[in-house]
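Novice: So that you have it, the file is protein02.cif, and it contains mmCIF, C-alpha atoms:
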```cif
data_work
#
loop_
_atom_site.label_atom_id
_atom_site.label_comp_id
_atom_site.auth_asym_id
_atom_site.auth_seq_id
_atom_site.Cartn_x
_atom_site.Cartn_y
_atom_site.Cartn_z
CA MET A 26 0.00 0.00 0.00
CA THR A 27 1.23 3.50 -0.70
CA ALA A 28 2.02 6.04 1.97
CA LYS A 29 0.48 9.21 0.56
CA GLY A 30 0.98 12.45 2.48
CA HIS A 31 -1.52 13.57 3.33
CA SER A 32 -10.80 17.98 -10.29
CA THR A 33 -45.14 29.52 -31.05
CA SER A 34 -47.67 29.45 -32.71
CA LYS A 35 -50.65 30.96 -30.96
CA ALA A 36 -53.14 28.37 -29.72
CA HIS A 37 -56.77 28.91 -30.75
CA ARG A 38 -58.81 29.92 -27.72
CA PRO A 39 -62.47 28.88 -27.50
CA ALA A 40 -64.89 31.77 -28.01
CA CYS A 41 -66.23 31.41 -24.47
CA LEU A 42 -62.84 32.42 -23.08
CA ASP A 43 -62.71 35.55 -25.24
CA SER A 44 -65.99 36.84 -23.80
CA ARG A 45 -64.32 37.77 -20.50
CA PRO A 46 -60.69 38.27 -21.42
CA GLY A 47 -59.63 40.14 -18.31
CA ARG A 48 -60.83 37.46 -15.95
CA TRP A 49 -59.32 34.60 -17.91
CA ARG A 50 -56.01 36.37 -18.42
CA LEU A 51 -55.82 36.80 -14.64
CA LEU A 52 -56.63 33.13 -13.99
CA PHE A 53 -54.07 31.97 -16.56
CA ALA A 54 -51.44 34.27 -15.07
CA LEU A 55 -52.12 33.00 -11.55
CA ALA A 56 -51.94 29.39 -12.67
CA ALA A 57 -48.67 29.96 -14.51
CA ALA A 58 -47.16 31.75 -11.54
CA LEU A 59 -48.13 28.95 -9.15
CA ALA A 60 -46.69 26.33 -11.48
CA LEU A 61 -43.44 28.26 -11.79
CA MET A 62 -43.17 28.64 -8.02
CA ALA A 63 -43.74 24.94 -7.48
CA THR A 64 -41.11 24.00 -10.06
CA ALA A 65 -38.53 26.44 -8.76
CA SER A 66 -38.92 25.46 -5.12
CA ALA A 67 -39.27 21.67 -5.40
CA GLY A 68 -35.57 20.84 -5.03
CA PRO A 69 -34.60 23.33 -2.31
CA ALA A 70 -37.84 22.75 -0.37
CA GLN A 71 -37.15 19.05 -0.36
CA ALA A 72 -33.58 19.61 0.81
CA ARG A 73 -34.72 22.00 3.55
CA SER A 74 -36.75 19.21 5.12
CA LEU A 75 -33.67 16.95 5.36
CA CYS A 76 -31.38 18.92 7.65
CA GLY A 77 -31.51 21.09 10.74
CA THR A 78 -34.58 19.33 12.10
CA LYS A 79 -33.11 17.65 15.20
CA LYS A 80 -30.51 18.29 17.88
CA PRO A 81 -28.26 15.22 17.92
CA THR A 82 -27.40 13.63 21.26
CA ALA A 83 -25.47 10.60 20.01
CA ALA A 84 -23.51 9.42 17.00
CA PRO A 85 -25.50 8.14 14.01
CA ARG A 86 -26.12 4.40 14.10
CA HIS A 87 -26.02 4.18 10.32
CA VAL A 88 -23.67 5.80 7.80
CA LEU A 89 -24.24 5.80 4.05
CA ILE A 90 -21.33 6.75 1.77
CA VAL A 91 -22.18 7.67 -1.81
CA MET A 92 -19.34 8.31 -4.25
CA LEU A 93 -19.95 10.02 -7.60
CA GLU A 94 -17.50 10.47 -10.44
CA ASN A 95 -15.12 12.93 -11.97
CA ARG A 96 -16.17 16.44 -10.93
CA SER A 97 -14.20 19.08 -9.08
CA TYR A 98 -15.83 21.34 -6.52
CA GLY A 99 -16.14 24.27 -8.93
CA GLN A 100 -17.63 22.03 -11.61
CA VAL A 101 -20.57 21.18 -9.34
CA ILE A 102 -21.10 24.09 -6.96
CA GLY A 103 -22.70 26.94 -8.90
CA ASN A 104 -23.40 24.75 -11.94
CA SER A 105 -27.01 24.93 -13.19
CA ALA A 106 -26.71 21.33 -14.39
CA ALA A 107 -26.68 20.22 -10.74
CA PRO A 108 -29.66 21.98 -9.12
CA PHE A 109 -30.21 19.37 -6.42
CA GLU A 110 -26.61 19.33 -5.26
CA ASN A 111 -26.61 23.11 -5.13
CA SER A 112 -29.80 23.01 -3.04
CA LEU A 113 -28.03 20.59 -0.69
CA ALA A 114 -25.14 23.03 -0.40
CA LYS A 115 -27.56 25.64 0.93
CA SER A 116 -29.97 23.48 2.89
CA CYS A 117 -27.72 20.77 4.34
CA GLY A 118 -23.96 20.77 4.88
CA VAL A 119 -21.22 21.26 2.30
CA ALA A 120 -17.47 21.25 2.93
CA THR A 121 -15.69 23.98 1.01
CA SER A 122 -12.31 22.31 1.55
CA MET A 123 -12.62 18.61 0.70
CA TRP A 124 -9.92 16.80 -1.25
CA GLY A 125 -9.54 13.40 -2.84
CA ALA A 126 -6.65 11.06 -2.16
CA THR A 127 -5.15 10.81 -5.66
CA HIS A 128 -5.85 10.20 -9.35
CA SER A 129 -7.24 8.06 -10.80
CA SER A 130 -10.65 6.76 -9.80
CA ALA A 131 -10.38 3.36 -8.16
CA ALA A 132 -7.64 4.37 -5.73
CA ASN A 133 -9.98 6.86 -4.07
CA TYR A 134 -12.62 4.21 -3.34
CA LEU A 135 -9.89 2.10 -1.76
CA ALA A 136 -8.45 5.05 0.16
CA VAL A 137 -11.74 5.53 2.01
CA SER A 138 -12.07 1.80 2.66
CA PHE A 139 -8.51 1.05 3.81
CA GLY A 140 -7.11 4.44 4.79
CA GLN A 141 -4.59 3.88 1.98
CA TYR A 142 -4.50 2.36 -1.50
CA PRO A 143 -2.31 -0.07 -3.47
CA SER A 144 0.07 1.73 -5.82
CA GLY A 145 -1.23 -0.34 -8.75
CA SER A 146 -4.76 0.94 -8.24
CA VAL A 147 -3.95 4.39 -9.62
CA HIS A 148 -3.94 2.82 -13.09
CA GLY A 149 -7.36 1.24 -12.58
CA CYS A 150 -8.48 -2.07 -11.17
CA ASN A 151 -8.15 -5.47 -12.54
CA TYR A 152 -8.49 -7.72 -9.51
CA PRO A 153 -4.77 -8.35 -8.78
CA ALA A 154 -3.90 -4.63 -9.05
CA CYS A 155 -6.30 -3.65 -6.30
CA ALA A 156 -6.57 -6.67 -4.02
CA SER A 157 -5.09 -5.98 -0.59
CA SER A 158 -4.40 -7.91 2.57
CA ALA A 159 -4.30 -4.67 4.58
CA THR A 160 -7.06 -4.21 7.14
CA SER A 161 -10.19 -2.54 5.79
CA VAL A 162 -12.89 -0.62 7.63
CA TYR A 163 -15.20 -3.54 6.78
CA GLN A 164 -12.99 -5.93 8.75
CA GLN A 165 -12.81 -3.42 11.58
CA LEU A 166 -16.60 -3.36 11.77
CA ASP A 167 -16.72 -7.16 11.73
CA SER A 168 -14.25 -7.35 14.60
CA ALA A 169 -16.29 -4.85 16.61
CA GLY A 170 -19.49 -6.84 16.16
CA ARG A 171 -20.88 -4.29 13.71
CA ALA A 172 -22.15 -4.99 10.23
CA TRP A 173 -21.66 -3.46 6.80
CA LYS A 174 -23.16 -3.88 3.37
CA ALA A 175 -22.32 -2.64 -0.13
CA TYR A 176 -25.14 -2.01 -2.60
CA GLU A 177 -23.83 -2.09 -6.16
CA GLU A 178 -26.14 -0.86 -8.90
CA ALA A 179 -25.92 -2.93 -12.12
CA MET A 180 -23.48 -5.48 -10.66
CA PRO A 181 -24.35 -8.79 -12.40
CA THR A 182 -23.87 -11.10 -9.39
CA ALA A 183 -22.88 -10.71 -5.75
CA CYS A 184 -19.25 -9.81 -5.16
CA ASP A 185 -18.59 -9.79 -8.92
CA GLU A 186 -14.92 -9.40 -9.87
CA SER A 187 -15.47 -8.62 -13.57
CA ASN A 188 -16.47 -5.35 -15.19
CA GLY A 189 -19.87 -5.20 -16.83
CA PRO A 190 -21.59 -2.80 -19.24
CA SER A 191 -22.61 -0.38 -16.45
CA TYR A 192 -20.54 -1.77 -13.56
CA LYS A 193 -16.89 -1.19 -12.68
CA ILE A 194 -15.14 -3.35 -10.13
CA GLY A 195 -12.95 -0.38 -9.15
CA HIS A 196 -16.07 1.28 -7.75
CA ASN A 197 -16.76 -1.69 -5.46
CA PRO A 198 -14.07 -1.55 -2.75
CA PRO A 199 -15.11 -4.40 -0.41
CA ILE A 200 -14.29 -7.07 -3.01
CA PHE A 201 -10.61 -6.14 -2.78
CA SER A 202 -10.31 -6.82 0.94
CA THR A 203 -8.76 -10.29 0.88
CA GLY A 204 -9.39 -10.73 4.61
CA ILE A 205 -13.14 -10.93 3.95
CA SER A 206 -14.25 -14.49 3.25
CA SER A 207 -15.96 -15.33 -0.02
CA SER A 208 -19.14 -16.28 1.82
CA GLU A 209 -19.27 -13.00 3.73
CA CYS A 210 -18.55 -11.03 0.59
CA ALA A 211 -21.33 -12.82 -1.29
CA ALA A 212 -23.79 -12.03 1.50
CA ARG A 213 -22.82 -8.40 2.02
CA ASP A 214 -21.68 -7.13 -1.38
CA VAL A 215 -24.97 -7.31 -3.23
CA PRO A 216 -26.32 -6.39 -6.67
CA VAL A 217 -29.16 -3.90 -6.97
CA GLY A 218 -31.07 -3.33 -10.21
CA SER A 219 -31.93 0.25 -9.25
CA LEU A 220 -30.99 2.08 -6.07
CA THR A 221 -33.90 4.49 -6.55
CA ALA A 222 -36.58 1.82 -6.97
CA LYS A 223 -39.03 0.81 -4.27
CA SER A 224 -37.86 -2.77 -4.54
CA GLY A 225 -34.65 -4.73 -4.29
CA ALA A 226 -31.98 -5.28 -1.66
CA PHE A 227 -31.48 -1.68 -0.62
CA TRP A 228 -35.16 -0.76 -0.47
CA ASN A 229 -35.95 -3.89 1.54
CA ASP A 230 -33.22 -3.16 4.09
CA LEU A 231 -34.15 0.51 4.32
CA GLN A 232 -37.83 -0.17 4.88
CA GLY A 233 -37.24 -3.19 7.10
CA GLY A 234 -35.01 -1.33 9.57
CA ARG A 235 -32.03 -3.43 8.53
CA LEU A 236 -29.49 -0.79 7.51
CA ARG A 237 -26.03 -1.75 8.70
CA ALA A 238 -23.53 0.44 10.52
CA LEU A 239 -21.95 1.26 7.16
CA SER A 240 -23.59 1.11 3.75
CA TRP A 241 -21.43 1.67 0.69
CA ILE A 242 -23.61 2.98 -2.16
CA THR A 243 -22.40 2.70 -5.77
CA PRO A 244 -24.63 3.95 -8.61
CA ASP A 245 -24.04 2.48 -12.05
CA THR A 246 -22.00 4.28 -14.69
CA ALA A 247 -25.13 5.85 -16.22
CA ASN A 248 -25.93 7.51 -12.88
CA ASP A 249 -22.58 8.26 -11.26
CA GLY A 250 -21.45 11.10 -13.53
CA GLU A 251 -19.71 8.99 -16.19
CA ALA A 252 -22.52 8.79 -18.77
CA SER A 253 -21.22 9.36 -22.30
CA CYS A 254 -23.94 11.79 -23.39
CA GLY A 255 -21.64 14.83 -23.70
CA GLY A 256 -21.55 18.32 -22.26
CA SER A 257 -23.26 18.78 -18.92
CA CYS A 258 -25.57 15.80 -19.53
CA ALA A 259 -23.62 13.35 -17.36
CA LEU A 260 -23.60 15.71 -14.37
CA SER A 261 -27.30 16.39 -14.83
CA LEU A 262 -28.07 12.66 -14.86
CA ALA A 263 -26.02 12.10 -11.70
CA ASP A 264 -27.74 15.03 -10.00
CA SER A 265 -31.19 13.66 -10.90
CA TRP A 266 -30.23 10.20 -9.68
CA LEU A 267 -28.94 11.65 -6.41
CA GLN A 268 -32.16 13.57 -5.84
CA GLU A 269 -34.21 10.39 -6.29
CA PHE A 270 -31.91 8.40 -4.00
CA ILE A 271 -31.78 11.01 -1.24
CA SER A 272 -35.56 11.43 -1.46
CA LEU A 273 -35.97 7.69 -0.95
CA VAL A 274 -33.72 7.62 2.11
CA GLY A 275 -34.93 10.94 3.49
CA ALA A 276 -38.53 9.73 3.59
CA SER A 277 -37.64 6.63 5.61
CA SER A 278 -38.18 6.21 9.33
CA GLU A 279 -34.47 5.28 9.63
CA TYR A 280 -33.52 8.77 8.47
CA ARG A 281 -36.31 10.75 10.11
CA SER A 282 -35.49 9.22 13.48
CA GLY A 283 -32.09 10.94 13.37
CA ASN A 284 -30.14 7.68 13.28
CA THR A 285 -28.73 7.93 9.77
CA ALA A 286 -26.09 10.18 8.19
CA ILE A 287 -25.42 10.35 4.45
CA PHE A 288 -22.07 11.48 3.02
CA VAL A 289 -21.98 12.25 -0.70
CA THR A 290 -18.65 12.98 -2.36
CA TYR A 291 -16.78 12.55 -5.64
CA ASP A 292 -13.85 10.26 -6.29
CA GLU A 293 -11.73 12.90 -8.05
CA GLY A 294 -11.99 16.09 -10.03
CA THR A 295 -10.50 17.11 -13.35
CA GLY A 296 -8.09 19.84 -14.37
CA ALA A 297 -4.81 20.69 -16.04
CA ASP A 298 -2.85 19.76 -12.92
CA SER A 299 -4.27 16.23 -12.79
CA ARG A 300 -1.78 13.39 -13.03
CA ILE A 301 -1.81 9.70 -12.19
CA GLY A 302 -0.70 9.10 -8.62
CA GLN A 303 -0.89 12.78 -7.65
CA ASP A 304 -0.81 13.41 -3.91
CA CYS A 305 -4.14 15.13 -3.52
CA THR A 306 -3.71 15.24 0.26
CA ASP A 307 -0.82 17.71 -0.01
CA LYS A 308 -2.43 20.36 2.17
CA THR A 309 0.05 23.11 1.31
CA ALA A 310 -0.41 22.63 -2.46
CA ASP A 311 -4.17 22.26 -2.14
CA LEU A 312 -4.68 25.41 -0.13
CA ALA A 313 -2.32 27.32 -2.42
CA GLY A 314 -4.71 26.53 -5.29
CA SER A 315 -2.21 24.54 -7.32
CA GLN A 316 -4.20 21.27 -7.31
CA PRO A 317 -7.78 22.20 -8.29
CA SER A 318 -8.38 18.76 -9.79
CA CYS A 319 -8.08 17.35 -6.27
CA HIS A 320 -10.79 19.63 -4.84
CA VAL A 321 -14.11 17.74 -4.69
CA PRO A 322 -17.55 18.37 -3.20
CA LEU A 323 -18.66 16.77 0.06
CA PHE A 324 -22.27 16.98 1.17
CA VAL A 325 -23.37 16.01 4.68
CA ILE A 326 -27.05 15.10 4.90
CA TYR A 327 -28.24 14.47 8.43
CA PRO A 328 -31.18 15.73 10.51
CA GLY A 329 -28.77 17.33 12.99
CA THR A 330 -26.76 19.20 10.35
CA LYS A 331 -27.30 22.94 10.26
CA PRO A 332 -27.66 24.30 6.73
CA GLY A 333 -24.75 25.98 5.01
CA ALA A 334 -21.08 25.78 4.11
CA HIS A 335 -18.37 24.52 6.44
CA SER A 336 -15.09 26.27 5.71
CA GLY A 337 -13.11 25.87 8.91
CA ASN A 338 -11.30 22.59 8.28
CA PHE A 339 -9.29 20.69 5.68
CA PHE A 340 -10.97 17.36 4.89
CA ASP A 341 -9.94 14.59 2.51
CA HIS A 342 -11.06 11.07 1.68
CA TYR A 343 -9.26 9.75 4.75
CA SER A 344 -11.57 11.96 6.82
CA LEU A 345 -14.42 9.64 5.82
CA THR A 346 -12.46 6.62 7.04
CA ARG A 347 -11.74 8.33 10.34
CA THR A 348 -15.37 9.44 10.74
CA VAL A 349 -16.69 5.89 10.48
CA GLU A 350 -14.04 4.78 12.97
CA ASP A 351 -15.01 7.58 15.37
CA PHE A 352 -18.71 6.76 15.23
CA PHE A 353 -18.20 3.07 15.96
CA GLY A 354 -15.25 3.20 18.35
CA LEU A 355 -12.67 1.71 15.97
CA GLY A 356 -8.94 2.32 15.73
CA TYR A 357 -7.55 4.48 12.95
CA LEU A 358 -6.26 2.80 9.79
CA ALA A 359 -3.14 4.07 7.99
CA HIS A 360 -3.67 7.71 6.88
CA ALA A 361 -6.85 8.02 8.91
CA ALA A 362 -4.40 8.36 11.80
CA ASP A 363 -2.36 11.15 10.19
CA PRO A 364 -2.24 14.36 12.27
CA GLN A 365 -3.75 16.40 9.42
CA THR A 366 -6.73 14.03 8.98
CA VAL A 367 -9.82 15.70 10.43
CA SER A 368 -12.90 13.63 11.24
CA LEU A 369 -16.34 14.89 10.30
CA ALA A 370 -17.43 13.98 13.82
CA ASN A 371 -17.92 17.12 15.93
CA HIS A 372 -18.55 19.06 12.72
CA PHE A 373 -21.75 19.43 10.67
CA GLY A 374 -23.82 18.71 13.78
CA LEU A 375 -22.33 15.21 14.05
CA VAL A 376 -21.22 13.96 17.46
CA LYS A 377 -19.24 10.91 18.48
#
```
Represent the structure contained in this file as structure tokens.

Specialist:
Amino acid sequence: MTAKGHSTSKAHRPACLDSRPGRWRLLFALAAALALMATASAGPAQARSLCGTKKPTAAPRHVLIVMLENRSYGQVIGNSAAPFENSLAKSCGVATSMWGATHSSAANYLAVSFGQYPSGSVHGCNYPACASSATSVYQQLDSAGRAWKAYEEAMPTACDESNGPSYKIGHNPPIFSTGISSSECAARDVPVGSLTAKSGAFWNDLQGGRLRALSWITPDTANDGEASCGGSCALSLADSWLQEFISLVGASSEYRSGNTAIFVTYDEGTGADSRIGQDCTDKTADLAGSQPSCHVPLFVIYPGTKPGAHSGNFFDHYSLTRTVEDFFGLGYLAHAADPQTVSLANHFGLVK
């Protein structure tokens, strides 16, 4: 494992409407205004109901981590193609200083899961390049008598080690933890046809009160920001997917009870500075603005989170590792123990 330091035509109106034009014009104008107001406020109103509704007294019992793909902070925040994420930034919590671990993609999934990543993973994951005997947060939870589960959209079969049309093994970190038995992996690393459907493994666990301590959530490549539709289309699709997913979780009793926290981030950003194996946790370079491709969004969605931006700390992907460990009383893995690694616990309304 590497030791990283810490991007018109006019419609014909019936004659009856023309007989009282003033009245009908007023009614049409009122209807149009109400429709516009409803459309404009739907996203932000929904987000407002998610956060700042409870005063937390204990750590969340359930953590969901959602990782999206390939957008830097400035490519999401302020972008009209991501209206839901921008509503979250105002109505829930957003970190203004959140940084990935490296480039490219798969290594960042592993960084969160192990507190470090194999050097071969920066080039992408075939199974040998990313498999690791290092301790993972999943094994930590097992040892502590806690449970975890990964929900992988479009994965063909449980714990699948081969890429599929809309599934990438590099986005499925638990399968690379060689200390997890094949039987446990098959039971806990599960395929889901659609993470936004009211059916399937995730929906059943959510509605049945069976969410584990940690849920790893991976949308398929049509929903995670990688869609090949060009321009801002891929970001828009990911934003729409996220709104549906968060709506599903936010309406559940598990979330409304104040027991569940959702962390949404991106694996990496893009930019001229981007290079394979880049140390995106170089705090000096990051804060100097020389590594914008490493700067990614992080949204904290939790009933105890007060709305608005959090700008007082430097967070990176290892902060997510450390946060899970803080919530469940686990030791710190690898770079989660680095002095510069700041937990999300005791920030964003989250307590240990």

Novice: List, as a ChimeraX atom specification, every residue that the PyMOL selection byres ((chain A and resi 327) around 6) selects in the file provided.

Specialist: /A:76,286,326,328-330

Novice: Evaluate the PyMOL selection byres ((chain A and resi 350-355) around 8) against this structure - the residues, as a tab-separated table (two decimals) with C-alpha atoms, keeping the file's coordinate frame, please.

Specialist:
```tsv
chain	number	residue	atom	x	y	z
A	84	ALA	CA	-23.51	9.42	17.00
A	85	PRO	CA	-25.50	8.14	14.01
A	86	ARG	CA	-26.12	4.40	14.10
A	162	VAL	CA	-12.89	-0.62	7.63
A	165	GLN	CA	-12.81	-3.42	11.58
A	166	LEU	CA	-16.60	-3.36	11.77
A	169	ALA	CA	-16.29	-4.85	16.61
A	346	THR	CA	-12.46	6.62	7.04
A	347	ARG	CA	-11.74	8.33	10.34
A	348	THR	CA	-15.37	9.44	10.74
A	349	VAL	CA	-16.69	5.89	10.48
A	356	GLY	CA	-8.94	2.32	15.73
A	357	TYR	CA	-7.55	4.48	12.95
A	368	SER	CA	-12.90	13.63	11.24
A	370	ALA	CA	-17.43	13.98	13.82
A	376	VAL	CA	-21.22	13.96	17.46
A	377	LYS	CA	-19.24	10.91	18.48
```

Novice: Set up a box along x, y and z of the file covering all listed atoms of region 148-156 of chain A, add 6 Å on every one of the six sides, and write the centre and edge lengths in Å to one decimal, as lines of an AutoDock Vina configuration file.

Specialist:
```
center_x = -6.2
center_y = -2.8
center_z = -8.6
size_x = 16.6
size_y = 23.2
size_z = 21.1
```

Novice: Take the PyMOL selection byres ((chain A and resi 343) around 10), run it mentally on this structure, and tell me the resulting residues as a VMD selection string.

Specialist: chain A and resid 31 124 to 126 133 136 to 141 306 340 to 342 344 to 348 357 to 363 365 to 368

Novice: Which of these, A:Ser336, A:Ser191, A:Ser202, A:Ser105, has the shortest distance to Cys258 (chain A) once you count all atoms listed in the file?

Specialist: A:Ser105

Novice: Using only C-alpha atoms for the distances, tell me which of A:Ser278, A:Asn151, A:Ser112, A:Thr295 is nearest to Lys193 (chain A).

Specialist: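 Result for the nearest residue to Lys193 (chain A): A:Asn151.
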
Novice: CA of Ser129 (chain A) to CA of Gln303 (chain A): how many Å, to one decimal?

Specialist: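 Spanning CA of Ser129 (chain A) to CA of Gln303 (chain A) is a straight-line distance of 8.5 Å.
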
Novice: With all atoms listed in the file as the basis for distance, which of A:Pro198, A:Pro190, A:Gly103, A:Gly374 is at the shortest distance from Ala247 (chain A)?

Specialist: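 Under the stated criterion, the closest residue is A:Pro190.
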
Novice: Would you list the contacts of region 176-188 of chain A as a VMD selection string, taking every protein, DNA or RNA residue within 8 Å and counting only C-alpha atoms, but skipping same-chain residues closer than 2 positions in sequence?

Specialist: chain A and resid 152 174 190 to 194 197 200 210 to 212 214 to 220 226 to 227 240 to 245

Novice: Please save C-alpha atoms of the selected residues as a compact mmCIF listing (two decimals), in the coordinates of the input.

Specialist:
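The resulting file, part_38.txt, is shown below:
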```txt
# COMPACT_ATOMS: atom_id res chain seq x y z
CA TYR A 152 -8.49 -7.72 -9.51
CA LYS A 174 -23.16 -3.88 3.37
CA PRO A 190 -21.59 -2.80 -19.24
CA SER A 191 -22.61 -0.38 -16.45
CA TYR A 192 -20.54 -1.77 -13.56
CA LYS A 193 -16.89 -1.19 -12.68
CA ILE A 194 -15.14 -3.35 -10.13
CA ASN A 197 -16.76 -1.69 -5.46
CA ILE A 200 -14.29 -7.07 -3.01
CA CYS A 210 -18.55 -11.03 0.59
CA ALA A 211 -21.33 -12.82 -1.29
CA ALA A 212 -23.79 -12.03 1.50
CA ASP A 214 -21.68 -7.13 -1.38
CA VAL A 215 -24.97 -7.31 -3.23
CA PRO A 216 -26.32 -6.39 -6.67
CA VAL A 217 -29.16 -3.90 -6.97
CA GLY A 218 -31.07 -3.33 -10.21
CA SER A 219 -31.93 0.25 -9.25
CA LEU A 220 -30.99 2.08 -6.07
CA ALA A 226 -31.98 -5.28 -1.66
CA PHE A 227 -31.48 -1.68 -0.62
CA SER A 240 -23.59 1.11 3.75
CA TRP A 241 -21.43 1.67 0.69
CA ILE A 242 -23.61 2.98 -2.16
CA THR A 243 -22.40 2.70 -5.77
CA PRO A 244 -24.63 3.95 -8.61
CA ASP A 245 -24.04 2.48 -12.05
```

Novice: CA of Ser146 (chain A) to CA of Arg237 (chain A): how many Å, to one decimal?

Specialist: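 Here the two named atoms are 27.3 Å from each other.
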
Novice: Near Gly302 (chain A), within 12 Å and counting all atoms listed in the file, which residues show up once chain neighbours fewer than 4 positions away are dropped, as number ranges by chain?

Specialist: A: 27-30, 125-133, 142-149, 293, 298, 306, 319

Novice: If you measure from CA of Tyr134 (chain A) to CA of Ala175 (chain A), what distance in Å do you get, rounded to one decimal?

Specialist: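 CA of Ala175 (chain A) lies at a distance of 12.3 Å from CA of Tyr134 (chain A).
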
Novice: When distances are computed from only C-alpha atoms, which of A:Ser158, A:Ile271, A:Arg171, A:Thr246 shows the smallest separation from Ser206 (chain A)?

Specialist: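 Comparing A:Ser158, A:Ile271, A:Arg171, A:Thr246 against Ser206 (chain A), the winner is A:Ser158.
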
Novice: Using only C-alpha atoms, collect all residues at a distance of at most 8 Å from (-7.6, -14.2, -4.8) as written in the file, then present them as a PyMOL selection string.

Specialist: chain A and resi 153+156+203

Novice: Considering only C-alpha atoms, can you say which of A:Asp307, A:Tyr98, A:Asn248, A:Gly296 comes closest to Glu269 (chain A)?

Specialist: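 Counting only C-alpha atoms, the residue closest to Glu269 (chain A) is A:Asn248.
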